[in-house]
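S.K.: This structure is in structure tokens; I'll ask about it shortly.
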There are 2 protein chains.
Amino acid sequence: MAGSQMLPKVRIHDVAARAGVSIATVSRVLNQSRPVAPDLRDRVMSAALELGYNANLLGRALRQGRSHSIGLLVPDLENPFFATLAQQVSRSFSHSNIDVYVCSADNDLELEHRAIASFLGRRVDGLVLIPCDENESAANVRMASLSVVTIQLDRLAKAVKTHYVGCDNRYGMGLVTSHVREVADLSRQPVVFVGAHPTSSSGRERLDTFAKAFPSAQRVLGSFSFEFGRDAMERLIRQGLRAATVVTDADIIALGVIASGHSHGFAVPDDFRVTGFDDVGVSFLAQPTLTTVRQPVDQMTDSIVDIVLASFDGGGQTGYVVRRFKPTLVVRDSSPAHTV
Amino acid sequence: MAGSQMLPKVRIHDVAARAGVSIATVSRVLNQSRPVAPDLRDRVMSAALELGYNANLLGRALRQGRSHSIGLLVPDLENPFFATLAQQVSRSFSHSNIDVYVCSADNDLELEHRAIASFLGRRVDGLVLIPCDENESAANVRMASLSVVTIQLDRLAKAVKTHYVGCDNRYGMGLVTSHVREVADLSRQPVVFVGAHPTSSSGRERLDTFAKAFPSAQRVLGSFSFEFGRDAMERLIRQGLRAATVVTDADIIALGVIASGHSHGFAVPDDFRVTGFDDVGVSFLAQPTLTTVRQPVDQMTDSIVDIVLASFDGGGQTGYVVRRFKPTLVVRDSSPAHTV
DNA sequence: TGCGGGTTGGTAAAGGTTTTCCCGCATGCT
DNA sequence: AGCATGCGGGAAAACCTTTACCAACCCGCA
């Protein structure tokens, strides 16, 4: 297809021929791996330029045993929090000479397995994983960790020992429950939890903390999605709920809750107070603006770079890095601190 | 780092030794490239399984001249429309044996260049590009198109001939302007355009069509982001605007517009009517739900698969595929068809 | 029995690069 | 003048796989 324009690939051999030197010299010039006489270097440089030489990274990786790339596997790119993580991981690595390649597992264990196997087959130098499921993903994560430096991000399949970067979900949900306890007029308004089934570590930690703070509160569980938040709220209202403080464990769920509340004619925060988690970009544009827990995403992704780079140098040292960043509570209009 | 657990990579040679056959036989069994006697095949299979053999895809790609992968380069993963496209492209390819790797250019021409060069160096079999800039990205797109089958998606750098898959933006914006003309009480409410600078083809096509329909309408231009939508509306209100039909060229901008309107005490759609474009997931959860133009994303990504697969077979035929899908207008509460 | 054809296994080349090893040359020192 | 040193260049091995080519074998058939 349009094959006519496809240029024949120019190899290092061609550059060498044009410059009148050996391929070793070309390689040394291009990688600056050893000093080369100025005149030869110039000849090589201009030859490469004129031919439009583009090194075959497969050959290089095969020879060097490293591909100068890492893989990032997210459960779902349509979840804005994961999209933000992906963007930030890329950004944090953009100043190193390591390429970041993103794959989506589409919340499917089989696809997760295939994606990891492909990454390993392509010999990525590191793998950043957000496991789909706290338990079921363990085998997949283990496979990765046996071959390459592996960092679990946000979610942890704790059955397998790897590096981990995330936020302190218990602490974050603790901030929420304190806030809710302080703000909600508990004598009149019930507290309700709407969140994901605890199949991911983040979800479980948040739910656990909430349950410990409000043992008798009603809980509605589903998935990390707008739709679930909307449907859950729908159900609650149908059950007769008319006022409550609704604690969710993700902004996208909170947005669904708010939308459903509005569509039934309720006011937020007057009738329902709502809190989120993650502080994704849209949350401060929600109506009303959303109280949520902000994760220090850029610090998290920066520390991933540190771990990866450190693993290249000190390939020998043992021990896994576990970094849990403290999130912060951002109080906005959906659950105002002052009495409404 | 935790290097102790790193398993030594098992090569095809090891499998062959364990099974007592030659490496050629192992390759033939694993790829089913030629029949192998049942007993040998079983020996090879179990040997591979026991050793946990994971083929080195670099070696394979180097030899075969194809990597069984394609690259997808988006300008910005935090833009939910691009995230959705990325997810859907992955999903559409998940039934072929082609891996999709996503990269973000972070709206930066230099990063866009680097990403494409890396993809080419890794010998992807195809490249799906959403160019950052209609004009400035042309050189980058051209570089790609000279080496590999290239498909521009959503945005088109028309200076370079490639395949293109997108939606008919003029038609889509035409649906909006008809709707606005029909709905808006033009005698009282002005029509205002808030959208991105026409540096991408989609943006330009949408703006052109709007400008042709409402030549004298005010226009505020910025970037494809929540923040711009909010700031633009802020400015309009400061300038004294109290009621209008605000046409935007992206849902994320529309969300910013609505948020700003609300925060200044205005009602949507009573004071301001707002329309979006793209129909990203959040738009039907916005408050009020957002009138927008839906792109048939799954059809678009499916046709990308078709183009890529076709280019593998009929490598010879010439001509570029250009598919512009008709979008549809989705009228919701932010600009109701009935009089408010 | 001899031969041809089809099937199956192995050997080796090829794909593009980096890097080790070695050699020649020039320089500096005694 | 002679020797040690060091710098820069080239040849070739190595990375891992697929595949073209060849050899061997088995079968049936004349």
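Chain identifiers are assigned as A, B, and so on, following the order in which chains appear in the structure tokens; residues are numbered from 1 within each chain, and ligands are numbered from 1 in order of appearance.
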Which residues of chain B have any atom within 12 Å of an atom in chain C when counting only C-alpha atoms (C1' of nucleotides), and what is the closest pair of atoms for each, with the distance in Å to one decimal? Order the rows by chain and rising number and write it as JSON lines.
M.R.:
{"residue": "B:Ala16", "atom": "CA", "partner": "C:DG10", "partner_atom": "C1'", "distance": 11.8}
{"residue": "B:Gly20", "atom": "CA", "partner": "C:DG9", "partner_atom": "C1'", "distance": 11.7}
{"residue": "B:Val21", "atom": "CA", "partner": "C:DG9", "partner_atom": "C1'", "distance": 8.5}
{"residue": "B:Ser22", "atom": "CA", "partner": "C:DG10", "partner_atom": "C1'", "distance": 6.4}
{"residue": "B:Ile23", "atom": "CA", "partner": "C:DG10", "partner_atom": "C1'", "distance": 8.7}
{"residue": "B:Ala24", "atom": "CA", "partner": "C:DG10", "partner_atom": "C1'", "distance": 7.4}
{"residue": "B:Thr25", "atom": "CA", "partner": "C:DG9", "partner_atom": "C1'", "distance": 7.2}
{"residue": "B:Val26", "atom": "CA", "partner": "C:DG9", "partner_atom": "C1'", "distance": 10.9}
{"residue": "B:Arg28", "atom": "CA", "partner": "C:DG9", "partner_atom": "C1'", "distance": 10.7}
{"residue": "B:Arg34", "atom": "CA", "partner": "C:DT8", "partner_atom": "C1'", "distance": 9.1}
{"residue": "B:Pro35", "atom": "CA", "partner": "C:DT8", "partner_atom": "C1'", "distance": 7.9}
{"residue": "B:Val36", "atom": "CA", "partner": "C:DT8", "partner_atom": "C1'", "distance": 6.8}
{"residue": "B:Ala37", "atom": "CA", "partner": "C:DT8", "partner_atom": "C1'", "distance": 7.5}
{"residue": "B:Pro38", "atom": "CA", "partner": "C:DT8", "partner_atom": "C1'", "distance": 11.3}
{"residue": "B:Leu40", "atom": "CA", "partner": "C:DG9", "partner_atom": "C1'", "distance": 10.3}
{"residue": "B:Arg41", "atom": "CA", "partner": "C:DT8", "partner_atom": "C1'", "distance": 11.9}
{"residue": "B:Leu58", "atom": "CA", "partner": "C:DG15", "partner_atom": "C1'", "distance": 10.8}
{"residue": "B:Gly59", "atom": "CA", "partner": "C:DG15", "partner_atom": "C1'", "distance": 8.6}
{"residue": "B:Arg60", "atom": "CA", "partner": "C:DG15", "partner_atom": "C1'", "distance": 9.4}
{"residue": "B:Ala61", "atom": "CA", "partner": "C:DG15", "partner_atom": "C1'", "distance": 8.9}
{"residue": "B:Leu62", "atom": "CA", "partner": "C:DG15", "partner_atom": "C1'", "distance": 5.4}
{"residue": "B:Arg63", "atom": "CA", "partner": "C:DG15", "partner_atom": "C1'", "distance": 4.8}
{"residue": "B:Gln64", "atom": "CA", "partner": "C:DG15", "partner_atom": "C1'", "distance": 7.8}
{"residue": "B:Gly65", "atom": "CA", "partner": "C:DG15", "partner_atom": "C1'", "distance": 7.8}
{"residue": "B:Arg66", "atom": "CA", "partner": "C:DG15", "partner_atom": "C1'", "distance": 11.1}
{"residue": "B:Gly121", "atom": "CA", "partner": "C:DG16", "partner_atom": "C1'", "distance": 11.2}
{"residue": "B:Arg122", "atom": "CA", "partner": "C:DG16", "partner_atom": "C1'", "distance": 11.7}
{"residue": "B:Arg123", "atom": "CA", "partner": "C:DG16", "partner_atom": "C1'", "distance": 11.9}
S.K.: What would the file look like if the residues just selected were written as a compact mmCIF listing (two decimals), in the first residue's frame with N, CA and C atoms?
M.R.:
# COMPACT_ATOMS: atom_id res chain seq x y z
N ALA B 16 15.79 -26.39 22.88
CA ALA B 16 16.20 -27.43 21.94
C ALA B 16 17.03 -28.49 22.65
N GLY B 20 16.09 -32.27 23.15
CA GLY B 20 16.90 -33.15 22.34
C GLY B 20 16.65 -33.01 20.85
N VAL B 21 16.37 -31.79 20.44
CA VAL B 21 16.15 -31.55 19.01
C VAL B 21 16.96 -30.32 18.60
N SER B 22 16.84 -29.93 17.35
CA SER B 22 17.56 -28.75 16.90
C SER B 22 16.70 -27.50 17.12
N ILE B 23 17.37 -26.37 17.09
CA ILE B 23 16.63 -25.13 17.30
C ILE B 23 15.60 -24.90 16.20
N ALA B 24 15.90 -25.39 15.01
CA ALA B 24 14.94 -25.22 13.92
C ALA B 24 13.63 -25.91 14.27
N THR B 25 13.73 -27.08 14.81
CA THR B 25 12.52 -27.81 15.17
C THR B 25 11.72 -27.06 16.22
N VAL B 26 12.42 -26.54 17.20
CA VAL B 26 11.72 -25.77 18.23
C VAL B 26 10.97 -24.61 17.60
N ARG B 28 9.93 -24.30 14.64
CA ARG B 28 8.80 -24.76 13.82
C ARG B 28 7.63 -25.17 14.69
N ARG B 34 5.83 -25.26 10.19
CA ARG B 34 5.92 -26.48 9.39
C ARG B 34 5.55 -27.65 10.27
N PRO B 35 4.98 -28.70 9.68
CA PRO B 35 4.57 -29.84 10.52
C PRO B 35 5.78 -30.50 11.18
N VAL B 36 5.57 -30.96 12.39
CA VAL B 36 6.62 -31.65 13.15
C VAL B 36 6.00 -32.92 13.71
N ALA B 37 6.78 -33.96 13.75
CA ALA B 37 6.27 -35.23 14.26
C ALA B 37 5.71 -35.06 15.66
N PRO B 38 4.58 -35.73 15.95
CA PRO B 38 3.88 -35.54 17.22
C PRO B 38 4.76 -35.72 18.45
N LEU B 40 8.03 -35.46 18.82
CA LEU B 40 8.96 -34.34 18.96
C LEU B 40 8.23 -33.09 19.41
N ARG B 41 7.09 -32.87 18.82
CA ARG B 41 6.34 -31.67 19.17
C ARG B 41 6.01 -31.65 20.66
N LEU B 58 12.76 -9.45 19.93
CA LEU B 58 13.72 -8.63 19.19
C LEU B 58 14.38 -9.46 18.11
N GLY B 59 14.84 -10.63 18.48
CA GLY B 59 15.46 -11.50 17.50
C GLY B 59 14.48 -11.86 16.39
N ARG B 60 13.28 -12.20 16.79
CA ARG B 60 12.28 -12.56 15.81
C ARG B 60 12.02 -11.41 14.84
N ALA B 61 11.81 -10.23 15.41
CA ALA B 61 11.50 -9.08 14.56
C ALA B 61 12.67 -8.77 13.64
N LEU B 62 13.86 -8.88 14.18
CA LEU B 62 15.04 -8.57 13.36
C LEU B 62 15.09 -9.49 12.15
N ARG B 63 14.83 -10.76 12.42
CA ARG B 63 14.89 -11.72 11.33
C ARG B 63 13.73 -11.55 10.36
N GLN B 64 12.54 -11.40 10.90
CA GLN B 64 11.35 -11.38 10.05
C GLN B 64 11.15 -10.06 9.33
N GLY B 65 11.75 -9.01 9.87
CA GLY B 65 11.54 -7.71 9.28
C GLY B 65 10.21 -7.09 9.68
N ARG B 66 9.52 -7.73 10.59
CA ARG B 66 8.29 -7.12 11.12
C ARG B 66 8.17 -7.43 12.60
N GLY B 121 12.51 3.28 14.69
CA GLY B 121 13.71 2.53 15.03
C GLY B 121 13.37 1.15 15.56
N ARG B 122 12.26 1.03 16.23
CA ARG B 122 11.85 -0.27 16.74
C ARG B 122 11.05 -1.04 15.71
N ARG B 123 10.95 -0.47 14.53
CA ARG B 123 10.38 -1.17 13.38
C ARG B 123 8.94 -1.61 13.59
S.K.: Could you tell me which residues of chain B sit within 7 Å of chain A when counting only C-alpha atoms, and give me the result as a ChimeraX atom specification?
M.R.: /B:1-3,5-7,54-59,62,77-78,80,83-84,87,100-104,121-122,146-148,256,259,285-287,311,314-320
S.K.: Check the DSSP output for the backbone and give back, as a ChimeraX atom specification, the residues of stretch 203-334 of chain B in helix (DSSP H, G or I).
M.R.: /B:203-213,226-238,251-263,281-284,297-313
S.K.: One decimal, in Å: what's the spacing between atom CA of B:Leu129 and atom CA of B:Ala157?
M.R.: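 We find that atom CA of B:Leu129 and atom CA of B:Ala157 lie 9.9 Å from each other.
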S.K.: Can you check which residues of chain D have any atom within 10 Å of chain A? Use only C-alpha atoms (C1' of nucleotides) and format it as a compact mmCIF listing (two decimals) with N, CA and C atoms (P, O5', C5', C4', C3', O3' and C1' of nucleotides), in the first residue's frame.
M.R.:
# COMPACT_ATOMS: atom_id res chain seq x y z
P DC D 7 45.24 7.62 25.39
O5' DC D 7 44.72 8.28 24.04
C5' DC D 7 45.65 8.94 23.18
C4' DC D 7 45.44 8.49 21.75
C3' DC D 7 43.98 8.24 21.38
O3' DC D 7 43.64 9.09 20.31
C1' DC D 7 45.36 6.49 20.59
P DG D 8 42.09 9.28 19.93
O5' DG D 8 41.97 8.44 18.59
C5' DG D 8 42.88 8.70 17.53
C4' DG D 8 42.74 7.62 16.49
C3' DG D 8 41.28 7.30 16.12
O3' DG D 8 41.22 7.07 14.73
C1' DG D 8 42.36 5.35 16.81
P DG D 9 39.85 7.18 13.98
O5' DG D 9 39.82 5.84 13.14
C5' DG D 9 40.84 5.59 12.18
C4' DG D 9 40.96 4.09 11.97
C3' DG D 9 39.64 3.42 11.60
O3' DG D 9 39.71 2.97 10.25
C1' DG D 9 40.84 2.19 13.29
P DG D 10 38.40 2.33 9.59
O5' DG D 10 38.71 0.78 9.79
C5' DG D 10 39.91 0.24 9.25
C4' DG D 10 40.01 -1.24 9.55
C3' DG D 10 38.78 -2.05 9.14
O3' DG D 10 39.21 -3.26 8.54
C1' DG D 10 39.21 -2.37 11.45
P DA D 11 38.22 -4.13 7.73
O5' DA D 11 38.30 -5.53 8.50
C5' DA D 11 39.57 -6.03 8.91
C4' DA D 11 39.39 -7.23 9.82
C3' DA D 11 38.27 -8.19 9.42
O3' DA D 11 38.68 -9.51 9.71
C1' DA D 11 37.83 -7.31 11.57
P DA D 14 31.66 -15.66 19.89
O5' DA D 14 30.41 -14.91 20.49
C5' DA D 14 30.59 -13.76 21.32
C4' DA D 14 29.33 -12.94 21.29
C3' DA D 14 28.05 -13.78 21.30
O3' DA D 14 27.37 -13.58 22.53
C1' DA D 14 27.94 -12.00 19.70
P DC D 15 26.25 -14.64 22.96
O5' DC D 15 24.93 -13.77 22.99
C5' DC D 15 24.90 -12.40 23.39
C4' DC D 15 23.72 -11.73 22.75
C3' DC D 15 22.58 -12.70 22.41
O3' DC D 15 21.62 -12.66 23.45
C1' DC D 15 22.99 -11.09 20.65
P DC D 16 20.99 -14.09 23.89
O5' DC D 16 19.91 -14.40 22.76
C5' DC D 16 18.75 -13.61 22.69
C4' DC D 16 18.00 -13.96 21.43
C3' DC D 16 17.62 -15.44 21.31
O3' DC D 16 16.20 -15.54 21.42
C1' DC D 16 18.44 -14.55 19.24
S.K.: Between atom CA of A:Asn107 and atom CA of A:Pro75, what is the distance in Å, rounded to a tenth?
M.R.: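 Separation of atom CA of A:Asn107 and atom CA of A:Pro75: 4.8 Å.
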S.K.: Grab the atom CA of B:Asp208 to atom CA of B:Glu136 distance for me, in Å with one decimal place.
M.R.: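 Computed distance, atom CA of B:Asp208 to atom CA of B:Glu136, equals 19.7 Å.
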S.K.: Could you please write out, as a PyMOL selection string, every residue of stretch 152-220 of chain A that DSSP assigns to strand (DSSP E or B)?
M.R.: chain A and resi 152-153+163-167+191-196+218-220
S.K.: How would the residues just picked look written out with C-alpha atoms as an mmCIF file, in the first residue's frame?
M.R.:
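File written: selection.cif
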data_model
loop_
_atom_site.group_PDB
_atom_site.id
_atom_site.type_symbol
_atom_site.label_atom_id
_atom_site.label_comp_id
_atom_site.auth_asym_id
_atom_site.auth_seq_id
_atom_site.Cartn_x
_atom_site.Cartn_y
_atom_site.Cartn_z
ATOM 1 C CA GLN A 152 3.566 -1.698 40.992
ATOM 2 C CA LEU A 153 1.792 1.615 40.837
ATOM 3 C CA HIS A 163 8.755 -2.186 44.221
ATOM 4 C CA TYR A 164 5.619 -0.217 44.939
ATOM 5 C CA VAL A 165 4.666 3.396 44.514
ATOM 6 C CA GLY A 166 1.283 4.621 45.605
ATOM 7 C CA CYS A 167 -0.444 6.788 48.078
ATOM 8 C CA VAL A 191 -23.378 8.435 55.802
ATOM 9 C CA VAL A 192 -23.271 6.132 52.802
ATOM 10 C CA PHE A 193 -20.349 4.591 50.980
ATOM 11 C CA VAL A 194 -20.433 4.143 47.242
ATOM 12 C CA GLY A 195 -17.296 2.546 45.875
ATOM 13 C CA ALA A 196 -15.613 -0.216 43.958
ATOM 14 C CA GLN A 218 -24.635 1.428 54.257
ATOM 15 C CA ARG A 219 -22.302 0.458 51.429
ATOM 16 C CA VAL A 220 -22.999 0.050 47.753
#
S.K.: Env of B:Arg181: 12 Å cut, atoms = only C-alpha atoms (C1' of nucleotides), seq-sep filter 4 positions within chain, self excluded. Answer as a list in words.
M.R.: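 The filter keeps Gly174, Leu175, Val176, Thr177, Asp185, Leu186, Ser187, Gln189, Pro190, Val191, Phe210, Ala213, Phe214, Thr245, Val246, Val247, Ser335 and Ala337 of chain B.
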S.K.: Just want the 10 Å neighbourhood of A:Glu50, counted on only C-alpha atoms (C1' of nucleotides), with same-chain residues fewer than 6 positions away dropped. Output as a PyMOL selection string.
M.R.: chain A and resi 15+18+44
S.K.: Those selected residues, please, written with N, CA and C atoms and delivered as a PDB file, in the first residue's frame.
M.R.:
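File produced: result-v5.pdb:
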ATOM      1  N   VAL A  15      26.062   3.795   5.716  1.00  0.00           N
ATOM      2  CA  VAL A  15      26.699   5.010   6.196  1.00  0.00           C
ATOM      3  C   VAL A  15      28.216   4.849   6.165  1.00  0.00           C
ATOM      4  N   ARG A  18      29.534   5.115   2.632  1.00  0.00           N
ATOM      5  CA  ARG A  18      29.516   6.486   2.125  1.00  0.00           C
ATOM      6  C   ARG A  18      30.602   7.332   2.775  1.00  0.00           C
ATOM      7  N   VAL A  44      31.386  10.962   8.911  1.00  0.00           N
ATOM      8  CA  VAL A  44      30.323  10.043   9.327  1.00  0.00           C
ATOM      9  C   VAL A  44      29.023  10.805   9.582  1.00  0.00           C
TER      10      VAL A  44
END
